[in-house]
Every structure is written in C-alpha cells, then in structure tokens.
$ cat run.cif   # mmCIF, C-alpha atoms
data_work
#
loop_
_atom_site.label_atom_id
_atom_site.label_comp_id
_atom_site.auth_asym_id
_atom_site.auth_seq_id
_atom_site.Cartn_x
_atom_site.Cartn_y
_atom_site.Cartn_z
CA MET A 11 39.53 86.60 -53.16
CA ASN A 12 42.06 89.23 -54.16
CA ILE A 13 40.86 91.83 -56.70
CA ILE A 14 42.87 94.59 -58.36
CA VAL A 15 40.59 97.53 -59.17
CA THR A 16 42.26 99.96 -61.57
CA GLY A 17 41.04 103.55 -61.63
CA GLY A 18 39.63 102.99 -58.15
CA ALA A 19 40.14 106.62 -57.11
CA GLY A 20 37.84 107.83 -59.86
CA PHE A 21 34.07 108.19 -59.81
CA ILE A 22 32.74 104.72 -60.67
CA GLY A 23 35.85 102.88 -59.48
CA SER A 24 35.71 104.35 -55.96
CA ASN A 25 32.02 103.52 -55.66
CA PHE A 26 32.88 99.95 -56.71
CA VAL A 27 35.66 99.74 -54.10
CA PHE A 28 33.17 100.82 -51.39
CA HIS A 29 30.56 98.35 -52.65
CA MET A 30 32.96 95.39 -52.67
CA LEU A 31 34.56 96.07 -49.27
CA ASN A 32 31.11 96.51 -47.78
CA LYS A 33 29.55 93.41 -49.37
CA TYR A 34 32.56 91.07 -49.13
CA PRO A 35 34.44 91.90 -45.92
CA ASP A 36 36.81 88.94 -46.48
CA TYR A 37 37.91 90.11 -49.97
CA ARG A 38 41.16 91.99 -50.44
CA ILE A 39 40.78 95.01 -52.73
CA VAL A 40 43.90 96.58 -54.26
CA CYS A 41 43.34 99.92 -55.95
CA LEU A 42 45.76 100.85 -58.73
CA ASP A 43 45.39 104.48 -59.80
CA CYS A 44 47.86 107.04 -61.14
CA LEU A 45 45.72 109.93 -59.82
CA THR A 46 45.26 111.99 -62.95
CA TYR A 47 43.00 115.03 -62.59
CA ALA A 48 39.91 112.78 -62.22
CA GLY A 49 41.41 110.50 -59.57
CA ASN A 50 41.07 111.88 -56.09
CA LEU A 51 42.72 110.21 -53.13
CA SER A 52 40.45 112.01 -50.64
CA THR A 53 37.58 110.00 -52.16
CA LEU A 54 39.12 106.80 -50.76
CA GLU A 55 39.65 108.24 -47.28
CA PRO A 56 36.83 106.13 -45.73
CA VAL A 57 38.64 102.86 -46.62
CA MET A 58 42.30 103.84 -46.31
CA ASP A 59 42.55 102.23 -42.84
CA ASN A 60 40.74 99.05 -43.86
CA PRO A 61 43.26 96.17 -43.49
CA ASN A 62 41.76 94.51 -46.59
CA PHE A 63 42.42 97.56 -48.77
CA ARG A 64 45.65 98.70 -50.40
CA PHE A 65 46.25 101.76 -52.56
CA VAL A 66 49.04 101.82 -55.16
CA LYS A 67 49.85 104.98 -57.13
CA GLU A 68 51.01 103.75 -60.53
CA SER A 69 49.78 103.92 -64.12
CA ILE A 70 48.33 100.93 -65.96
CA THR A 71 50.59 101.97 -68.85
CA ASP A 72 53.71 101.24 -66.74
CA ARG A 73 54.42 97.59 -67.51
CA GLU A 74 57.16 97.22 -64.89
CA ALA A 75 54.98 98.64 -62.11
CA VAL A 76 51.98 96.53 -63.11
CA TYR A 77 54.02 93.30 -63.23
CA LYS A 78 55.55 94.12 -59.85
CA LEU A 79 52.09 94.56 -58.37
CA PHE A 80 50.92 91.22 -59.81
CA GLU A 81 53.99 89.51 -58.31
CA GLU A 82 53.19 91.01 -54.91
CA GLU A 83 49.43 90.46 -54.92
CA HIS A 84 48.70 87.46 -57.17
CA PRO A 85 45.19 88.75 -57.93
CA ASP A 86 42.27 86.42 -58.68
CA MET A 87 40.52 89.12 -60.68
CA VAL A 88 41.19 92.47 -62.34
CA VAL A 89 38.41 95.03 -62.86
CA ASN A 90 39.62 97.78 -65.17
CA PHE A 91 37.97 101.17 -64.62
CA ALA A 92 41.17 103.09 -65.42
CA ALA A 93 40.45 105.32 -68.40
CA GLU A 94 40.55 108.81 -69.71
CA SER A 95 36.83 109.35 -70.01
CA HIS A 96 35.80 112.87 -70.94
CA VAL A 97 34.71 113.33 -74.56
CA ASP A 98 35.60 117.03 -74.66
CA ARG A 99 39.11 116.33 -73.41
CA SER A 100 39.52 113.60 -76.04
CA ILE A 101 38.69 116.13 -78.74
CA GLU A 102 41.36 118.48 -77.36
CA ASN A 103 44.05 115.80 -76.93
CA PRO A 104 43.36 112.31 -78.33
CA GLU A 105 46.83 110.84 -77.69
CA VAL A 106 46.55 110.34 -73.94
CA PHE A 107 43.28 108.45 -74.53
CA LEU A 108 45.04 105.98 -76.80
CA ASP A 109 47.84 105.45 -74.28
CA THR A 110 45.67 104.82 -71.24
CA ASN A 111 42.59 103.25 -72.76
CA ILE A 112 44.22 100.93 -75.32
CA LYS A 113 47.88 100.44 -74.37
CA GLY A 114 47.05 100.36 -70.64
CA THR A 115 44.43 97.67 -71.25
CA ALA A 116 47.02 95.60 -73.16
CA VAL A 117 49.55 95.90 -70.31
CA LEU A 118 46.97 94.69 -67.77
CA MET A 119 45.97 91.72 -69.91
CA ASP A 120 49.60 90.79 -70.55
CA ALA A 121 50.11 90.73 -66.78
CA CYS A 122 47.02 88.51 -66.45
CA ARG A 123 48.47 86.12 -69.04
CA LYS A 124 51.88 86.07 -67.38
CA TYR A 125 50.71 85.58 -63.79
CA GLY A 126 47.36 83.86 -64.31
CA ILE A 127 43.89 85.20 -63.57
CA LYS A 128 40.37 83.87 -62.91
CA ARG A 129 38.67 86.86 -64.52
CA TYR A 130 39.65 90.05 -66.32
CA HIS A 131 36.75 92.50 -66.53
CA GLN A 132 36.75 95.52 -68.83
CA VAL A 133 34.47 98.41 -67.88
CA SER A 134 33.37 100.01 -71.13
CA THR A 135 30.72 102.41 -72.38
CA ASP A 136 27.60 102.50 -74.54
CA GLU A 137 29.34 105.24 -76.53
CA VAL A 138 31.12 102.55 -78.56
CA TYR A 139 27.78 102.02 -80.37
CA GLY A 140 27.61 105.59 -81.65
CA ASP A 141 24.21 107.21 -81.32
CA LEU A 142 20.53 106.69 -82.12
CA PRO A 143 18.18 109.10 -83.93
CA LEU A 144 15.84 111.16 -81.73
CA ASP A 145 12.85 110.27 -83.90
CA ARG A 146 13.20 106.51 -83.28
CA PRO A 147 12.45 105.99 -79.56
CA ASP A 148 11.83 102.30 -80.37
CA LEU A 149 15.54 101.71 -81.06
CA PHE A 150 17.96 100.62 -78.30
CA PHE A 151 21.56 99.45 -78.06
CA THR A 152 21.88 95.68 -77.67
CA GLU A 153 25.10 93.69 -77.39
CA GLU A 154 24.73 92.93 -81.11
CA THR A 155 24.62 96.61 -82.14
CA PRO A 156 27.64 97.24 -84.40
CA ILE A 157 30.43 99.43 -83.05
CA HIS A 158 30.20 102.88 -84.64
CA THR A 159 32.19 105.48 -82.70
CA SER A 160 31.93 109.26 -82.82
CA SER A 161 34.75 110.67 -80.67
CA PRO A 162 38.41 109.87 -79.96
CA TYR A 163 37.22 108.78 -76.48
CA SER A 164 34.66 106.25 -77.71
CA SER A 165 37.06 105.03 -80.41
CA SER A 166 39.73 104.34 -77.78
CA LYS A 167 37.22 102.42 -75.64
CA ALA A 168 36.01 100.43 -78.65
CA GLY A 169 39.62 99.62 -79.55
CA ALA A 170 40.19 98.34 -76.02
CA ASP A 171 37.01 96.21 -76.15
CA LEU A 172 38.14 94.60 -79.40
CA LEU A 173 41.54 93.91 -77.89
CA VAL A 174 39.95 92.29 -74.81
CA LEU A 175 37.86 89.97 -77.00
CA ALA A 176 40.92 89.21 -79.13
CA TYR A 177 42.92 88.19 -76.03
CA HIS A 178 40.06 85.88 -75.09
CA ARG A 179 39.97 84.28 -78.52
CA THR A 180 43.74 84.18 -79.11
CA TYR A 181 45.08 83.37 -75.64
CA GLY A 182 42.01 81.98 -73.87
CA LEU A 183 42.05 84.83 -71.33
CA PRO A 184 38.87 84.62 -69.19
CA VAL A 185 37.35 88.03 -69.92
CA THR A 186 34.04 89.85 -69.61
CA ILE A 187 33.05 93.34 -70.78
CA SER A 188 30.30 95.63 -69.51
CA ARG A 189 29.06 98.64 -71.48
CA CYS A 190 27.21 101.10 -69.30
CA SER A 191 25.11 104.18 -69.92
CA ASN A 192 25.83 107.56 -68.30
CA ASN A 193 26.47 107.16 -64.58
CA TYR A 194 25.62 109.67 -61.87
CA GLY A 195 25.85 109.71 -58.07
CA PRO A 196 28.34 110.46 -55.27
CA TYR A 197 31.97 111.37 -56.07
CA HIS A 198 31.21 112.31 -59.69
CA PHE A 199 33.92 114.59 -61.06
CA PRO A 200 32.58 118.14 -61.53
CA GLU A 201 33.30 118.37 -65.27
CA LYS A 202 30.40 116.03 -66.11
CA LEU A 203 26.87 117.32 -66.71
CA ILE A 204 25.05 116.57 -63.45
CA PRO A 205 27.72 117.55 -60.87
CA LEU A 206 28.72 120.57 -63.00
CA MET A 207 25.13 121.85 -63.00
CA ILE A 208 24.71 121.21 -59.26
CA ALA A 209 27.96 123.02 -58.40
CA ASN A 210 27.24 125.97 -60.70
CA ALA A 211 23.61 126.31 -59.58
CA LEU A 212 24.67 126.33 -55.91
CA ASN A 213 27.06 129.18 -56.75
CA ASP A 214 24.47 131.00 -58.91
CA LYS A 215 26.78 130.66 -61.90
CA PRO A 216 25.58 130.15 -65.50
CA LEU A 217 24.54 126.61 -66.43
CA PRO A 218 26.15 125.97 -69.86
CA VAL A 219 24.05 123.62 -72.00
CA TYR A 220 25.32 122.43 -75.39
CA GLY A 221 23.12 123.43 -78.32
CA GLU A 222 19.41 123.19 -77.57
CA GLY A 223 19.99 120.56 -74.87
CA LEU A 224 17.88 117.98 -76.69
CA ASN A 225 20.54 115.24 -76.62
CA VAL A 226 19.17 112.20 -74.79
CA ARG A 227 21.17 110.11 -72.31
CA ASP A 228 20.17 106.98 -70.42
CA TRP A 229 21.07 107.66 -66.77
CA LEU A 230 22.34 104.93 -64.45
CA TYR A 231 22.76 105.42 -60.72
CA VAL A 232 26.35 104.43 -59.92
CA GLU A 233 25.36 102.00 -57.13
CA ASP A 234 23.22 100.03 -59.60
CA HIS A 235 26.19 99.87 -61.97
CA CYS A 236 28.47 98.52 -59.22
CA LYS A 237 25.94 95.78 -58.43
CA ALA A 238 25.88 94.82 -62.11
CA ILE A 239 29.68 94.51 -62.33
CA ASP A 240 29.71 92.49 -59.09
CA LEU A 241 27.24 90.06 -60.70
CA ILE A 242 29.15 89.88 -63.99
CA ILE A 243 32.57 89.10 -62.44
CA HIS A 244 31.07 86.37 -60.24
CA LYS A 245 28.41 84.87 -62.51
CA GLY A 246 28.77 86.31 -66.02
CA ARG A 247 29.78 84.05 -68.89
CA VAL A 248 33.40 84.32 -70.01
CA GLY A 249 33.88 85.99 -73.39
CA GLU A 250 30.58 87.86 -73.18
CA VAL A 251 29.58 91.53 -73.36
CA TYR A 252 26.81 92.82 -71.07
CA ASN A 253 25.00 96.13 -71.54
CA VAL A 254 24.23 97.86 -68.23
CA GLY A 255 21.56 100.58 -68.00
CA GLY A 256 18.11 101.22 -69.37
CA HIS A 257 14.77 102.82 -68.63
CA ASN A 258 16.00 106.25 -67.48
CA GLU A 259 16.21 108.37 -70.63
CA LYS A 260 16.28 112.15 -70.22
CA THR A 261 17.26 115.10 -72.43
CA ASN A 262 20.11 117.25 -71.12
CA ILE A 263 17.80 120.25 -70.77
CA GLU A 264 15.32 118.19 -68.69
CA ILE A 265 18.17 117.23 -66.34
CA VAL A 266 19.25 120.84 -65.87
CA LYS A 267 15.68 121.98 -65.20
CA ILE A 268 15.18 119.19 -62.63
CA ILE A 269 18.36 120.31 -60.83
CA CYS A 270 17.22 123.96 -60.85
CA LYS A 271 13.87 122.94 -59.39
CA GLU A 272 15.38 120.71 -56.67
CA LEU A 273 17.77 123.51 -55.62
CA GLY A 274 15.20 126.28 -55.90
CA LYS A 275 17.24 128.10 -58.54
CA PRO A 276 15.84 130.04 -61.53
CA GLU A 277 15.97 128.53 -65.02
CA SER A 278 17.31 131.89 -66.17
CA LEU A 279 20.76 130.57 -65.12
CA ILE A 280 20.67 128.24 -68.15
CA THR A 281 22.83 129.48 -71.04
CA HIS A 282 22.89 127.66 -74.37
CA VAL A 283 26.42 127.41 -75.76
CA GLU A 284 27.90 126.25 -79.05
CA ASP A 285 27.46 122.50 -79.47
CA ARG A 286 30.18 119.88 -79.02
CA LYS A 287 31.82 118.63 -82.23
CA GLY A 288 30.12 115.41 -83.43
CA HIS A 289 27.74 115.45 -80.47
CA ASP A 290 25.84 112.13 -80.23
CA MET A 291 22.06 112.65 -80.20
CA ARG A 292 20.70 109.74 -78.18
CA TYR A 293 22.02 106.80 -76.18
CA ALA A 294 19.62 104.13 -74.91
CA ILE A 295 20.45 100.68 -73.56
CA ASP A 296 18.46 97.46 -73.73
CA PRO A 297 19.42 95.50 -70.58
CA THR A 298 17.51 92.32 -71.57
CA LYS A 299 20.63 90.10 -71.69
CA ILE A 300 21.97 90.93 -68.22
CA HIS A 301 18.43 90.75 -66.83
CA ASN A 302 17.72 87.31 -68.34
CA GLU A 303 21.12 85.81 -67.53
CA LEU A 304 22.00 87.42 -64.19
CA GLY A 305 18.72 88.88 -62.90
CA TRP A 306 19.94 92.48 -62.94
CA LEU A 307 17.79 95.53 -63.58
CA PRO A 308 18.42 99.17 -62.63
CA GLU A 309 16.77 99.68 -59.23
CA THR A 310 17.04 103.45 -58.89
CA LYS A 311 14.55 105.66 -60.71
CA PHE A 312 16.14 108.87 -61.93
CA GLU A 313 13.74 111.00 -59.87
CA ASP A 314 15.00 109.29 -56.69
CA GLY A 315 18.64 109.04 -57.71
CA ILE A 316 18.94 112.72 -58.57
CA LYS A 317 17.56 113.70 -55.15
CA LYS A 318 20.13 111.44 -53.44
CA THR A 319 22.91 112.84 -55.65
CA ILE A 320 22.01 116.48 -54.97
CA GLN A 321 21.84 115.76 -51.24
CA TRP A 322 25.29 114.16 -51.38
CA TYR A 323 26.74 117.26 -53.06
CA LEU A 324 25.10 119.47 -50.43
CA ASP A 325 26.55 117.30 -47.65
CA ASN A 326 30.03 117.04 -49.19
CA LYS A 327 30.78 120.55 -50.42
CA GLU A 328 34.38 120.40 -49.26
CA TRP A 329 35.07 117.42 -51.56
CA TRP A 330 34.03 119.13 -54.78
CA GLU A 331 34.93 122.71 -53.84
CA THR A 332 38.54 121.58 -53.41
CA ILE A 333 38.49 120.08 -56.90
CA ILE A 334 36.94 123.04 -58.69
CA SER A 335 39.35 125.46 -57.08
CA GLY A 336 42.37 123.64 -58.56
CA GLU A 337 43.56 122.59 -62.03
CA TYR A 338 40.01 121.92 -63.04
CA GLN A 339 39.21 125.64 -62.91
CA ASN A 340 41.71 126.35 -65.70
CA TYR A 341 40.24 123.56 -67.80
CA TYR A 342 36.69 124.80 -67.19
CA GLU A 343 37.58 128.30 -68.33
CA LYS A 344 39.14 126.92 -71.48
CA MET A 345 36.17 124.69 -72.32
CA TYR A 346 33.24 126.96 -71.56
CA ALA A 347 34.38 130.58 -71.31
CA ASN A 348 35.34 130.73 -74.99
CA ARG A 349 32.18 129.16 -76.37
CA GLU A 350 29.78 131.52 -78.05
CA GLU A 351 26.38 131.84 -76.41
CA ILE A 352 23.59 130.98 -78.82
#
$ encode --input "run.cif" --output "structure tokens"
Amino acid sequence: MNIIVTGGAGFIGSNFVFHMLNKYPDYRIVCLDCLTYAGNLSTLEPVMDNPNFRFVKESITDREAVYKLFEEEHPDMVVNFAAESHVDRSIENPEVFLDTNIKGTAVLMDACRKYGIKRYHQVSTDEVYGDLPLDRPDLFFTEETPIHTSSPYSSSKAGADLLVLAYHRTYGLPVTISRCSNNYGPYHFPEKLIPLMIANALNDKPLPVYGEGLNVRDWLYVEDHCKAIDLIIHKGRVGEVYNVGGHNEKTNIEIVKIICKELGKPESLITHVEDRKGHDMRYAIDPTKIHNELGWLPETKFEDGIKKTIQWYLDNKEWWETIISGEYQNYYEKMYANREEI
C-alpha cells in the first residue's frame, strides 16, 4: 500500500505519519508538504531514515509537481491534511486559505482522477458547522448538521468538503471526509491555545485568553484522531462524512487553569484580551456514526491527555523553542501585543 500524506510535516499530519509507519511497517508513506510556517521538517526527523518513507517539498497547489509525484509513486490512497488552519490568520489574510484549502484540494483530486486512486480522504473540521449556543448543552454536531461557517478558514474548509463530495458524485471519485474537533498533543504548533499556554506559562509570560474564556471546545487527543482516520480510509464507506471527537468539552478558561495547575504556575498570569472577531461559542461533536459503523470512540480522557501533552512539551523544549524564536515571534507580537486588555 502506497499512501501520499499531504501536510505530513504539520501537527496532525506528522502524528498520522508516525502512526501509519508504526502500525503498517510494509506500507510506503510519502509526505508532501511545502513547509509553510506550520510545517516543520525537524518533526519528521524520527522517520527520515525509514526506507518506507519519502519526503517531498512541494505545494498541493502546484499541479505540475503533484502530477509528477503521482507518476513517480502511483499512490493507492491520498490523505489530505495540507491546509492553512489558523482562524486568526484567516481573518488577517483570507486569500492564502482559498488557494491552499480549496484550489489545492482540487489539484489533488484531479491527480487522483488522472492516475487512479483507491481512496481520497479529506481531513476537515467541525468548524464547518458553525457554533452551538452555550445554553443548549443537549445539542451536538452530527453529520447531518447544516454547514454554517463563521470565519474565512472554516468557509474555505467547507468549500473544499463540498468540492470533494461533488467529485464523488460527478466523477465517481472514491472519497471520504472526516470532520474533527480541536486536536491537542505532541508537535502542536505553538500558536494554538494549549501549546501557547504551556510555552508561555513555562516562561512566566502572560497567558492571553480571548474575552471571558467561556468559549467551549471539544478536545480530541491527536493519537485518537489518527486511529479514526486509519479506520475510515480502510473501512469507511465511500462518499460518507464521519465526525471524529466527542465527550471532552472544556471552556478555554478551564483549559488554561488546568495547565497552570499542572505546571505549578499562578493563575495571575492569565490576562483577558479583546475577543476574536466572530468567535464561535461552542463546538461539540456527536461521534455516534463512526462508533456504530467502525467501532471508534475517543480513548483518551482530557485529564490524561493534557498530562501527556505537558510532559511532551517539557521533554521537547528544543523543538518548540526553536519555533517561537523565529518568524512565529513576529506573528505573535502582531496578534497579541496590540490587543487591549479587558
């Protein structure tokens, strides 16, 4: 089995590469990643010498490069993690999100049509469903929830999902889509909530929390997500969407307080800053479909996963310190330094 994993130098993609090489030692995994700010080649260091692994530095938006790779590798499957994924960045500059997330997806599927494929899998997000009200804890996202996007990021992902389903219907492309909740775990880029708070707390820096911090997210340990995608690409029904997540809802402020407690840092580091534009209030996934069809449920309780994640950041300081000393530092200053404290 030969699988092209796009965006495999990013957070979830790299964890998926590790999972697949570990679980299927006879599979060939080809990682296609253009190494934007969130792609980090040092992340893939542990597998670089694996004879069943190949890294290719190209963009999914480059049709010529993608077709060349398909001619060389003749993949059986494509798993597309490649995406611009940070909501705040999408608000600052929507265009790059449209290029990568929509046009890039089209290029990959065109290559699949041209060269043949057993399965094209699109990794998507629960953000395509919009948000849920805080006062209705009985409501959850199912696969039938209408698409109702809030940000340029989620709109670009929803557009890609619709395109994937259209290619299935129009051209018979064998596709599946997974929509996951917020992931956390090793190799998470330090602009996202959990790694940002860990890194700042370790350096006794302020912990910037949007608004009152009451926004609720459903947290999914990245390893559990990788297991779900593994199941979907092997056993999921073609043309179907599967929601991945559930049962780990926490407010942002709860998360930050848990991290402070685990690291023995004072809550006085928390600073409330001006809220994000159009900030979604609550995401919550109902994983009934993937559980009933494929037997998947999230295995990692947040209380255990956060301990493992914090320990990983303590053990791998060099990995994230290198990142936050580079381009990211300029971005961080721009995003948080100019926000009014409230």
$ closest_atom_pairs --input "run.cif" --of "range 40-104 of chain A" --to "range 243-260 of chain A" --cutoff "10 Å" --atoms "all atoms listed in the file" --output "CSV"
residue,atom,partner,partner_atom,distance
A:Met87,CA,A:Ile243,CA,8.1
A:Val88,CA,A:Ile243,CA,9.3
A:Val89,CA,A:Ile243,CA,8.3
$ resolve_selection --input "run.cif" --expression "the PyMOL selection byres ((chain A and resi 83) around 9)" --output "MDAnalysis selection string"
chainID A and resid 12:14 40 78:82 84:85
$ write_last_selection --input "run.cif" --atoms "C-alpha atoms" --output "PDB file, in the coordinates of the input"
ATOM      1  CA  ASN A  12      42.060  89.230 -54.160  1.00  0.00           C
ATOM      2  CA  ILE A  13      40.860  91.830 -56.700  1.00  0.00           C
ATOM      3  CA  ILE A  14      42.870  94.590 -58.360  1.00  0.00           C
ATOM      4  CA  VAL A  40      43.900  96.580 -54.260  1.00  0.00           C
ATOM      5  CA  LYS A  78      55.550  94.120 -59.850  1.00  0.00           C
ATOM      6  CA  LEU A  79      52.090  94.560 -58.370  1.00  0.00           C
ATOM      7  CA  PHE A  80      50.920  91.220 -59.810  1.00  0.00           C
ATOM      8  CA  GLU A  81      53.990  89.510 -58.310  1.00  0.00           C
ATOM      9  CA  GLU A  82      53.190  91.010 -54.910  1.00  0.00           C
ATOM     10  CA  HIS A  84      48.700  87.460 -57.170  1.00  0.00           C
ATOM     11  CA  PRO A  85      45.190  88.750 -57.930  1.00  0.00           C
TER      12      PRO A  85
END
$ residues_around --input "run.cif" --residues "Gly195 in chain A" --least-positions-apart "3" --cutoff "7 Å" --atoms "all atoms listed in the file" --output "VMD selection string"
chain A and resid 198 231 to 232 319
$ closest_residue --input "run.cif" --among "A:Tyr177, A:Thr110, A:Tyr197, A:Phe151" --to "Trp322 in chain A" --atoms "all atoms listed in the file"
A:Tyr197
$ closest_residue --input "run.cif" --among "A:Pro308, A:Lys287, A:Asp296, A:Leu230" --to "Glu154 in chain A" --atoms "only C-alpha atoms"
A:Asp296
$ residues_around --input "run.cif" --residues "Arg73 in chain A" --least-positions-apart "4" --cutoff "12 Å" --atoms "all atoms listed in the file" --output "list in words"
Glu68, Ser69, Tyr77, Lys78, Leu79, Phe80, Thr110, Lys113, Gly114, Thr115, Ala116, Val117, Leu118, Met119, Asp120, Ala121, Cys122 and Lys124 of chain A
$ write_last_selection --input "run.cif" --atoms "C-alpha atoms" --output "PDB file, in the coordinates of the input"
ATOM      1  CA  GLU A  68      51.010 103.750 -60.530  1.00  0.00           C
ATOM      2  CA  SER A  69      49.780 103.920 -64.120  1.00  0.00           C
ATOM      3  CA  TYR A  77      54.020  93.300 -63.230  1.00  0.00           C
ATOM      4  CA  LYS A  78      55.550  94.120 -59.850  1.00  0.00           C
ATOM      5  CA  LEU A  79      52.090  94.560 -58.370  1.00  0.00           C
ATOM      6  CA  PHE A  80      50.920  91.220 -59.810  1.00  0.00           C
ATOM      7  CA  THR A 110      45.670 104.820 -71.240  1.00  0.00           C
ATOM      8  CA  LYS A 113      47.880 100.440 -74.370  1.00  0.00           C
ATOM      9  CA  GLY A 114      47.050 100.360 -70.640  1.00  0.00           C
ATOM     10  CA  THR A 115      44.430  97.670 -71.250  1.00  0.00           C
ATOM     11  CA  ALA A 116      47.020  95.600 -73.160  1.00  0.00           C
ATOM     12  CA  VAL A 117      49.550  95.900 -70.310  1.00  0.00           C
ATOM     13  CA  LEU A 118      46.970  94.690 -67.770  1.00  0.00           C
ATOM     14  CA  MET A 119      45.970  91.720 -69.910  1.00  0.00           C
ATOM     15  CA  ASP A 120      49.600  90.790 -70.550  1.00  0.00           C
ATOM     16  CA  ALA A 121      50.110  90.730 -66.780  1.00  0.00           C
ATOM     17  CA  CYS A 122      47.020  88.510 -66.450  1.00  0.00           C
ATOM     18  CA  LYS A 124      51.880  86.070 -67.380  1.00  0.00           C
TER      19      LYS A 124
END
